[in-house]
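Structure file model.cif with mmCIF, C-alpha atoms:
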data_entry
loop_
_atom_site.label_atom_id
_atom_site.label_comp_id
_atom_site.auth_asym_id
_atom_site.auth_seq_id
_atom_site.Cartn_x
_atom_site.Cartn_y
_atom_site.Cartn_z
CA MET A 1 38.55 -40.46 -4.27
CA LYS A 2 35.21 -42.11 -3.52
CA LEU A 3 34.10 -39.05 -1.57
CA LEU A 4 34.96 -36.82 -4.52
CA LEU A 5 32.88 -39.08 -6.78
CA TYR A 6 29.88 -38.90 -4.40
CA ILE A 7 30.12 -35.10 -4.24
CA SER A 8 30.33 -34.87 -8.04
CA VAL A 9 27.25 -37.09 -8.48
CA LEU A 10 25.33 -35.14 -5.83
CA ALA A 11 26.32 -31.84 -7.41
CA PHE A 12 25.25 -33.08 -10.84
CA PHE A 13 21.77 -34.09 -9.64
CA SER A 14 21.36 -30.95 -7.52
CA LEU A 15 21.98 -28.62 -10.44
CA PRO A 16 18.48 -28.79 -11.98
CA ILE A 17 16.97 -28.14 -8.52
CA TYR A 18 18.79 -24.84 -8.11
CA ALA A 19 18.70 -23.66 -11.72
CA GLY A 20 16.15 -20.89 -12.28
CA THR A 21 13.32 -20.87 -14.80
CA THR A 22 14.50 -19.79 -18.22
CA VAL A 23 12.22 -18.02 -20.68
CA SER A 24 13.71 -18.09 -24.17
CA VAL A 25 11.68 -15.07 -25.34
CA ILE A 26 13.10 -12.80 -22.62
CA TYR A 27 16.76 -12.20 -23.44
CA GLY A 28 18.62 -11.60 -20.19
CA LYS A 29 17.46 -9.02 -17.67
CA LYS A 30 14.78 -6.64 -18.98
CA THR A 31 13.66 -3.53 -17.16
CA VAL A 32 9.95 -3.01 -17.72
CA THR A 33 8.48 0.44 -17.08
CA LEU A 34 4.71 0.81 -16.74
CA ASN A 35 3.43 2.61 -19.81
CA ASP A 36 -0.17 3.67 -20.50
CA ALA A 37 0.59 3.70 -24.23
CA VAL A 38 0.86 -0.10 -24.05
CA GLY A 39 -2.40 -0.56 -22.13
CA ASP A 40 -4.63 0.98 -19.50
CA ASN A 41 -2.83 0.54 -16.17
CA ILE A 42 -5.43 0.08 -13.49
CA ILE A 43 -5.66 -1.32 -9.98
CA LYS A 44 -9.16 -2.33 -8.91
CA PHE A 45 -10.31 -2.90 -5.36
CA LEU A 46 -13.42 -4.58 -4.05
CA SER A 47 -14.82 -4.48 -0.54
CA THR A 48 -17.51 -7.06 0.15
CA ALA A 49 -19.70 -6.24 3.14
CA PRO A 50 -23.28 -7.08 4.22
CA VAL A 51 -24.61 -3.57 3.54
CA GLU A 52 -22.88 -2.87 0.25
CA ASN A 53 -20.14 -4.01 -2.07
CA ILE A 54 -17.81 -1.14 -2.84
CA GLU A 55 -15.89 -1.32 -6.07
CA GLY A 56 -13.32 1.22 -7.12
CA ASN A 57 -10.06 1.72 -8.88
CA ALA A 58 -6.89 3.74 -9.06
CA LYS A 59 -5.19 4.85 -12.23
CA ASP A 60 -2.22 6.94 -11.13
CA ILE A 61 0.24 4.04 -11.07
CA GLN A 62 3.99 4.14 -11.51
CA GLY A 63 6.51 1.38 -11.40
CA LYS A 64 9.28 -0.67 -12.84
CA CYS A 65 10.16 -4.31 -12.68
CA ILE A 66 13.13 -6.34 -13.79
CA LEU A 67 12.32 -9.63 -15.48
CA ASP A 68 15.24 -12.00 -15.63
CA GLY A 69 14.80 -14.29 -18.63
CA ASP A 70 17.62 -16.57 -17.47
CA ASN A 71 16.24 -16.94 -13.96
CA LEU A 72 12.67 -15.68 -13.75
CA GLU A 73 12.55 -16.37 -10.00
CA ASN A 74 15.12 -13.61 -9.64
CA SER A 75 12.71 -10.94 -10.92
CA SER A 76 12.15 -7.82 -8.85
CA GLY A 77 10.32 -4.52 -9.02
CA ASN A 78 8.29 -1.82 -7.37
CA ILE A 79 4.77 -0.64 -8.20
CA SER A 80 3.12 2.29 -6.46
CA LEU A 81 -0.16 4.14 -6.73
CA GLN A 82 -1.31 7.51 -5.49
CA VAL A 83 -4.00 7.18 -2.81
CA LEU A 84 -5.73 10.33 -4.12
CA SER A 85 -6.30 8.60 -7.48
CA MET A 86 -8.50 5.95 -5.82
CA LYS A 87 -12.16 6.46 -6.78
CA THR A 88 -15.36 4.65 -5.89
CA GLY A 89 -17.99 6.69 -7.75
CA LEU A 90 -19.07 8.57 -4.65
CA SER A 91 -17.01 11.72 -4.02
CA LYS A 92 -17.98 12.07 -0.34
CA ARG A 93 -17.00 8.46 0.35
CA ASP A 94 -13.70 9.02 -1.50
CA GLU A 95 -13.02 11.96 0.80
CA HIS A 96 -13.64 9.71 3.82
CA MET A 97 -11.35 7.06 2.32
CA TYR A 98 -8.50 9.60 2.03
CA ALA A 99 -9.08 10.88 5.58
CA LYS A 100 -7.08 10.13 8.73
CA ASP A 101 -9.40 7.34 9.97
CA TRP A 102 -8.88 5.33 6.81
CA LEU A 103 -5.96 5.57 4.36
CA ASP A 104 -4.66 8.93 5.65
CA ALA A 105 -3.54 10.17 2.25
CA ALA A 106 -1.95 13.29 3.75
CA SER A 107 0.54 11.23 5.78
CA TYR A 108 0.79 8.21 3.47
CA PRO A 109 0.19 9.42 -0.09
CA THR A 110 1.22 6.18 -1.81
CA ILE A 111 0.48 2.46 -1.60
CA SER A 112 3.22 0.25 -2.95
CA PHE A 113 4.22 -3.31 -3.66
CA GLU A 114 7.85 -4.32 -3.81
CA LEU A 115 8.38 -7.55 -5.72
CA LYS A 116 11.16 -9.60 -4.15
CA LYS A 117 10.94 -12.86 -6.10
CA LEU A 118 8.70 -15.07 -8.18
CA ALA A 119 7.86 -18.61 -7.15
CA ASN A 120 5.84 -21.56 -8.54
CA ILE A 121 6.46 -20.38 -12.10
CA LYS A 122 4.51 -22.28 -14.71
CA ILE A 123 5.32 -21.38 -18.30
CA SER A 124 2.41 -22.12 -20.61
CA LYS A 125 3.92 -20.66 -23.77
CA SER A 126 7.33 -19.48 -24.91
CA GLU A 127 7.60 -19.34 -28.68
CA ASN A 128 7.17 -17.04 -31.69
CA GLY A 129 8.19 -13.96 -29.73
CA MET A 130 5.59 -14.44 -27.00
CA ALA A 131 5.79 -15.94 -23.52
CA GLU A 132 3.05 -16.59 -20.99
CA CYS A 133 3.39 -17.76 -17.44
CA THR A 134 1.73 -17.79 -14.06
CA ALA A 135 3.57 -17.39 -10.78
CA ILE A 136 3.33 -16.37 -7.16
CA ALA A 137 4.78 -12.92 -6.59
CA ASP A 138 6.38 -12.68 -3.20
CA GLY A 139 6.83 -9.16 -1.97
CA SER A 140 6.28 -6.43 0.53
CA PHE A 141 3.01 -4.49 0.42
CA THR A 142 3.08 -1.07 2.06
CA MET A 143 -0.10 0.77 2.99
CA HIS A 144 -0.91 3.27 5.73
CA GLY A 145 2.82 3.31 6.62
CA ILE A 146 2.90 -0.41 7.43
CA SER A 147 4.69 -3.05 5.34
CA LYS A 148 3.64 -6.69 5.28
CA THR A 149 4.73 -9.66 3.22
CA ILE A 150 2.08 -10.59 0.69
CA LYS A 151 1.86 -13.31 -1.94
CA ALA A 152 0.01 -12.40 -5.12
CA THR A 153 -1.09 -14.70 -7.90
CA ILE A 154 0.20 -13.23 -11.14
CA TYR A 155 -0.05 -13.87 -14.85
CA ILE A 156 2.63 -12.46 -17.14
CA LYS A 157 2.47 -12.13 -20.90
CA TYR A 158 5.64 -11.00 -22.65
CA VAL A 159 5.66 -9.95 -26.31
CA ASN A 160 8.84 -9.19 -28.24
CA GLU A 161 9.05 -5.93 -30.17
CA THR A 162 7.46 -6.11 -33.63
CA ASP A 163 6.25 -3.61 -36.23
CA ALA A 164 2.82 -3.78 -34.58
CA THR A 165 4.15 -3.00 -31.08
CA ARG A 166 6.33 -0.15 -32.39
CA LYS A 167 3.17 1.64 -33.55
CA LYS A 168 2.13 1.93 -29.88
CA ALA A 169 5.47 2.26 -28.08
CA PRO A 170 9.09 1.15 -28.47
CA GLY A 171 10.45 -1.99 -26.79
CA ASP A 172 9.07 -5.36 -25.79
CA PHE A 173 5.59 -5.33 -24.25
CA VAL A 174 4.53 -6.87 -20.96
CA MET A 175 1.10 -7.42 -19.49
CA ILE A 176 0.83 -8.39 -15.84
CA LYS A 177 -2.38 -9.39 -14.09
CA ALA A 178 -2.19 -9.81 -10.33
CA SER A 179 -4.66 -10.50 -7.56
CA PHE A 180 -4.43 -10.71 -3.80
CA LYS A 181 -6.31 -9.81 -0.61
CA VAL A 182 -5.44 -7.14 1.90
CA PRO A 183 -6.70 -7.48 5.49
CA LEU A 184 -7.33 -3.91 6.72
CA LYS A 185 -6.59 -4.88 10.32
CA ASP A 186 -3.00 -5.86 9.41
CA PHE A 187 -2.39 -2.33 8.20
CA ASN A 188 -3.84 -0.66 11.26
CA ILE A 189 -6.85 0.72 9.38
CA ALA A 190 -9.76 0.78 11.78
CA GLY A 191 -12.04 3.41 10.23
CA LYS A 192 -15.01 4.72 12.19
CA GLN A 193 -16.26 2.32 14.84
CA GLY A 194 -18.55 -0.41 13.54
CA ILE A 195 -18.05 0.36 9.85
CA ILE A 196 -15.57 -2.44 9.09
CA GLY A 197 -17.51 -5.67 8.86
CA SER A 198 -20.83 -3.97 8.10
CA LYS A 199 -20.31 -1.33 5.39
CA VAL A 200 -16.67 -2.05 4.53
CA GLY A 201 -15.24 -5.55 4.18
CA GLU A 202 -12.51 -6.79 6.53
CA ASN A 203 -10.49 -7.92 3.52
CA ILE A 204 -10.12 -5.90 0.35
CA GLU A 205 -9.66 -7.79 -2.89
CA ILE A 206 -7.09 -6.19 -5.16
CA THR A 207 -6.81 -6.88 -8.88
CA ALA A 208 -4.14 -5.21 -10.98
CA ASN A 209 -3.95 -4.97 -14.75
CA LEU A 210 -0.54 -3.58 -15.59
CA PHE A 211 1.08 -2.86 -18.93
CA GLY A 212 4.64 -1.88 -19.61
CA SER A 213 7.41 -1.73 -22.15
CA THR A 214 11.14 -2.31 -21.98
CA LYS A 215 12.19 1.05 -23.49
CA MET B 1 -58.83 16.58 -5.35
CA TRP B 2 -57.59 14.06 -2.72
CA LYS B 3 -58.11 11.24 -5.19
CA VAL B 4 -55.94 13.02 -7.76
CA LEU B 5 -53.21 13.66 -5.16
CA MET B 6 -53.30 9.99 -4.13
CA VAL B 7 -53.02 8.79 -7.74
CA PHE B 8 -50.13 11.21 -8.46
CA SER B 9 -48.35 10.14 -5.25
CA ILE B 10 -48.58 6.47 -6.21
CA ILE B 11 -47.39 7.23 -9.76
CA GLY B 12 -44.52 9.24 -8.24
CA ILE B 13 -43.48 6.37 -5.95
CA VAL B 14 -43.51 3.93 -8.89
CA PHE B 15 -41.53 6.43 -10.99
CA PHE B 16 -38.79 6.90 -8.37
CA ALA B 17 -38.64 3.15 -7.63
CA ALA B 18 -38.23 2.47 -11.37
CA TRP B 19 -35.51 5.15 -11.57
CA TRP B 20 -33.69 3.53 -8.62
CA ALA B 21 -33.98 0.09 -10.28
CA LYS B 22 -32.69 1.47 -13.59
CA ASP B 23 -29.66 2.96 -11.79
CA GLY B 24 -28.73 -0.46 -10.39
CA CYS B 25 -30.63 -0.70 -7.04
CA GLN B 26 -27.78 0.99 -5.19
CA PHE B 27 -27.60 1.55 -1.47
CA TYR B 28 -26.05 5.01 -1.75
CA THR B 29 -26.57 7.69 -4.39
CA LYS B 30 -23.48 8.15 -6.57
CA ASP B 31 -22.21 11.17 -8.44
CA LYS B 32 -19.97 9.27 -10.85
CA ILE B 33 -20.38 6.15 -12.90
CA GLU B 34 -17.70 3.95 -14.33
CA ILE B 35 -17.68 3.26 -18.03
CA VAL B 36 -15.99 -0.06 -18.76
CA THR B 37 -15.01 -0.70 -22.36
CA LYS B 38 -13.62 -4.06 -23.38
CA VAL B 39 -11.51 -4.05 -26.51
CA LYS B 40 -9.62 -6.82 -28.23
CA ASP B 41 -5.89 -6.12 -28.10
CA ASP B 42 -4.29 -7.68 -31.17
CA ILE B 43 -0.78 -7.55 -29.70
CA PHE B 44 -1.62 -9.46 -26.53
CA GLY B 45 -4.32 -11.48 -28.31
CA GLU B 46 -6.95 -10.97 -25.64
CA GLU B 47 -9.60 -8.59 -24.39
CA VAL B 48 -8.35 -5.68 -22.34
CA GLU B 49 -10.37 -3.23 -20.24
CA LYS B 50 -10.51 0.52 -20.39
CA ARG B 51 -12.18 2.12 -17.38
CA GLU B 52 -13.21 5.71 -17.05
CA TRP B 53 -15.21 7.66 -14.44
CA ILE B 54 -17.74 10.15 -15.76
CA ASP B 55 -19.85 12.60 -13.77
CA LYS B 56 -23.36 11.15 -13.73
CA PHE B 57 -25.97 11.05 -10.99
CA SER B 58 -27.32 7.60 -10.09
CA LEU B 59 -30.06 7.31 -7.49
CA GLY B 60 -29.54 5.25 -4.32
CA ILE B 61 -31.72 4.57 -1.28
CA PHE B 62 -29.61 6.86 0.91
CA PRO B 63 -28.01 10.19 -0.05
CA ASP B 64 -24.39 10.54 -1.15
CA ASP B 65 -23.88 13.35 1.32
CA PRO B 66 -24.34 12.58 5.05
CA HIS B 67 -25.14 16.27 5.68
CA PRO B 68 -28.93 16.71 6.27
CA ILE B 69 -29.13 19.24 3.41
CA GLY B 70 -28.26 16.45 0.96
CA ILE B 71 -31.18 14.20 1.95
CA TYR B 72 -33.12 15.10 -1.22
CA ARG B 73 -30.49 13.25 -3.29
CA SER B 74 -31.94 9.87 -2.37
CA LEU B 75 -34.85 7.53 -3.04
CA LEU B 76 -35.78 7.79 0.62
CA PHE B 77 -36.75 11.47 0.39
CA PRO B 78 -39.36 11.40 -2.46
CA VAL B 79 -40.74 8.02 -1.38
CA THR B 80 -41.27 9.20 2.21
CA PHE B 81 -42.82 12.48 1.02
CA LEU B 82 -45.09 10.83 -1.57
CA SER B 83 -46.11 8.03 0.81
CA THR B 84 -47.13 10.66 3.36
CA CYS B 85 -49.17 12.43 0.65
CA ALA B 86 -50.85 9.16 -0.37
CA ILE B 87 -51.69 8.16 3.21
CA PHE B 88 -53.00 11.66 4.02
CA SER B 89 -55.12 11.65 0.81
CA LEU B 90 -56.55 8.25 1.72
CA TYR B 91 -57.35 9.51 5.22
CA ARG B 92 -59.11 12.60 3.80
CA LEU B 93 -61.04 10.50 1.27
CA LYS B 94 -62.23 8.14 4.01
CA LYS B 95 -63.25 11.08 6.15
CA GLN B 96 -65.25 12.62 3.28
CA SER B 97 -67.16 9.42 2.47
#
Could you spell out this file's structure in structure tokens?
Amino acid sequence: MKLLLYISVLAFFSLPIYAGTTVSVIYGKKTVTLNDAVGDNIIKFLSTAPVENIEGNAKDIQGKCILDGDNLENSSGNISLQVLSMKTGLSKRDEHMYAKDWLDAASYPTISFELKKLANIKISKSENGMAECTAIADGSFTMHGISKTIKATIYIKYVNETDATRKKAPGDFVMIKASFKVPLKDFNIAGKQGIIGSKVGENIEITANLFGSTK
Amino acid sequence: MWKVLMVFSIIGIVFFAAWWAKDGCQFYTKDKIEIVTKVKDDIFGEEVEKREWIDKFSLGIFPDDPHPIGIYRSLLFPVTFLSTCAIFSLYRLKKQS
């Protein structure tokens, strides 16, 4: 009897530990599809090297994610971009970037991130049809045919459908900002000898501004 | 005549250096520039970016094309040529006097 009581007490106090983060504005599981009508989807990259900083972006981005309003940690998704949509402002350099020594766009035409879960969720606002939170996105980043686990810092803003949102697109709106670093060495990208570390940074900083809707 | 060539060479060097500075003191010449527009999004209640590449030449120290035929698309080419002209003019002027 005593043992049963202990287990009940332990179970009662353990419950809040295992319960997921609830966001009242997100009703249940919502599938968010990236939508340029909501905002300009863009992934920026920055290489910092002694000779030159190279800044570029990619705009051909597709993806979906599932936000679980009852357990935000349980969110998942997949975002991918076309390597050939990556631009740096210098066409010849872009051609080199797509070539076999670097990203090898012919063999690996896409770069993707598969969201597996969210952690360290901090909700800063969840009222009046709008929710804001920051989190760590834990997922698998695939580039140059190699997948590695990467943690990205993300900021999510969720807006319920209103008359104003309907003018742009149907459904609830979501804005996601994410940032993380990609070490080229981990993805077996060596480039031409001596370039990485002098003209191209060893780590590439990635910043994503993503916009989507639930319909 | 050598004095005029020297003056024009120096003016030319200053002109190309100013052009390079105006284009952002870049290491490599670029054939596209990025236009970044920040607009206030009333739905999200914050500024959002719109980025667009447009075809526009911007001068860098080195050419955008590693092929030797593309060398003229750089600051290096006119500055080297004009410096040579200025030095040669100075040499001829000194020889004349």
Residues of chain A that have any atom at most 7 Å from an atom of chain B: could you tabulate them with the shortest-distance atom pair and the distance in Å to one decimal, using all atoms listed in the file, ordered by chain and increasing number, as JSON lines?
{"residue": "A:Asp40", "atom": "CA", "partner": "B:Lys50", "partner_atom": "CA", "distance": 6.0}
{"residue": "A:Glu52", "atom": "CA", "partner": "B:Phe27", "partner_atom": "CA", "distance": 6.7}
{"residue": "A:Gly89", "atom": "CA", "partner": "B:Lys32", "partner_atom": "CA", "distance": 4.5}
{"residue": "A:Leu90", "atom": "CA", "partner": "B:Lys30", "partner_atom": "CA", "distance": 4.8}
{"residue": "A:Ser91", "atom": "CA", "partner": "B:Asp31", "partner_atom": "CA", "distance": 6.8}
{"residue": "A:Lys92", "atom": "CA", "partner": "B:Asp65", "partner_atom": "CA", "distance": 6.3}
{"residue": "A:Thr165", "atom": "CA", "partner": "B:Ile43", "partner_atom": "CA", "distance": 6.8}
Please, what distance in Å, to one decimal, runs between CA of Asn209 in chain A and CA of Ala190 in chain A?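 Computing it gives 27.8 Å between the two atoms.
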Could you state the separation of CA of Thr88 in chain A and CA of Ala137 in chain A in Å, given to one decimal place?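 About the pair CA of Thr88 in chain A and CA of Ala137 in chain A: they are 26.7 Å apart.
When only C-alpha atoms are used to compute distances to Gly212 in chain A, the closest of the residues A:Ala135, A:Val182, A:Val174, A:Ile42 turns out to be A:Val174.
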Expand the PyMOL selection byres ((chain B and resi 79) around 12) into the explicit residue set it covers here, and present it as a PyMOL selection string. chain B and resi 9-20+60-62+71-78+80-87
Name every residue that the PyMOL selection byres ((chain A and resi 65) around 8) selects in this structure, writing the answer as JSON, numbers by chain with chains first and numbers rising. {"A": [31, 32, 33, 63, 64, 66, 67, 75, 76, 77, 78, 79, 115]}
Would you export the selected residues with C-alpha atoms as a CSV table (one decimal), in the coordinates of the input, please?
chain,number,residue,atom,x,y,z
A,31,THR,CA,13.7,-3.5,-17.2
A,32,VAL,CA,10.0,-3.0,-17.7
A,33,THR,CA,8.5,0.4,-17.1
A,63,GLY,CA,6.5,1.4,-11.4
A,64,LYS,CA,9.3,-0.7,-12.8
A,66,ILE,CA,13.1,-6.3,-13.8
A,67,LEU,CA,12.3,-9.6,-15.5
A,75,SER,CA,12.7,-10.9,-10.9
A,76,SER,CA,12.2,-7.8,-8.8
A,77,GLY,CA,10.3,-4.5,-9.0
A,78,ASN,CA,8.3,-1.8,-7.4
A,79,ILE,CA,4.8,-0.6,-8.2
A,115,LEU,CA,8.4,-7.6,-5.7
So, counting only C-alpha atoms, which residue among A:Asn35, A:Thr48, A:Ser107, A:Asn41 is closest to Asn203 in chain A?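 Ranking A:Asn35, A:Thr48, A:Ser107, A:Asn41 by distance to Asn203 in chain A, first place goes to A:Thr48.
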I need the output of the PyMOL selection byres ((chain B and resi 93) around 12) for this file as a CSV table (one decimal) with C-alpha atoms, keeping the file's coordinate frame; which residues are they?
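The result, written out as selection_17.csv:
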chain,number,residue,atom,x,y,z
B,1,MET,CA,-58.8,16.6,-5.4
B,2,TRP,CA,-57.6,14.1,-2.7
B,3,LYS,CA,-58.1,11.2,-5.2
B,4,VAL,CA,-55.9,13.0,-7.8
B,5,LEU,CA,-53.2,13.7,-5.2
B,6,MET,CA,-53.3,10.0,-4.1
B,86,ALA,CA,-50.8,9.2,-0.4
B,87,ILE,CA,-51.7,8.2,3.2
B,88,PHE,CA,-53.0,11.7,4.0
B,89,SER,CA,-55.1,11.6,0.8
B,90,LEU,CA,-56.6,8.2,1.7
B,91,TYR,CA,-57.4,9.5,5.2
B,92,ARG,CA,-59.1,12.6,3.8
B,94,LYS,CA,-62.2,8.1,4.0
B,95,LYS,CA,-63.2,11.1,6.2
B,96,GLN,CA,-65.2,12.6,3.3
B,97,SER,CA,-67.2,9.4,2.5
Please measure the separation of CA of Asn57 in chain A and CA of Phe180 in chain A, giving the value in Å to one decimal. 14.6 Å
Give me, as a ChimeraX atom specification, all polymer residues having an atom no more than 10 Å from Tyr98 in chain A, counting all atoms listed in the file and skipping those fewer than 5 positions away in the same chain. /A:83-86,93,103-109
Applying 8 Å and all atoms listed in the file, which residues near Pro170 in chain A remain after dropping the ones on its own chain fewer than 4 positions away? List them as number ranges by chain. A: 161, 165-166, 213-215
Restricting it to C-alpha atoms, dump the selection as an mmCIF file, in the frame of the given file.
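As a result, part_1.cif now contains:
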data_model
loop_
_atom_site.group_PDB
_atom_site.id
_atom_site.type_symbol
_atom_site.label_atom_id
_atom_site.label_comp_id
_atom_site.auth_asym_id
_atom_site.auth_seq_id
_atom_site.Cartn_x
_atom_site.Cartn_y
_atom_site.Cartn_z
ATOM 1 C CA GLU A 161 9.050 -5.930 -30.170
ATOM 2 C CA THR A 165 4.150 -3.000 -31.080
ATOM 3 C CA ARG A 166 6.330 -0.150 -32.390
ATOM 4 C CA SER A 213 7.410 -1.730 -22.150
ATOM 5 C CA THR A 214 11.140 -2.310 -21.980
ATOM 6 C CA LYS A 215 12.190 1.050 -23.490
#
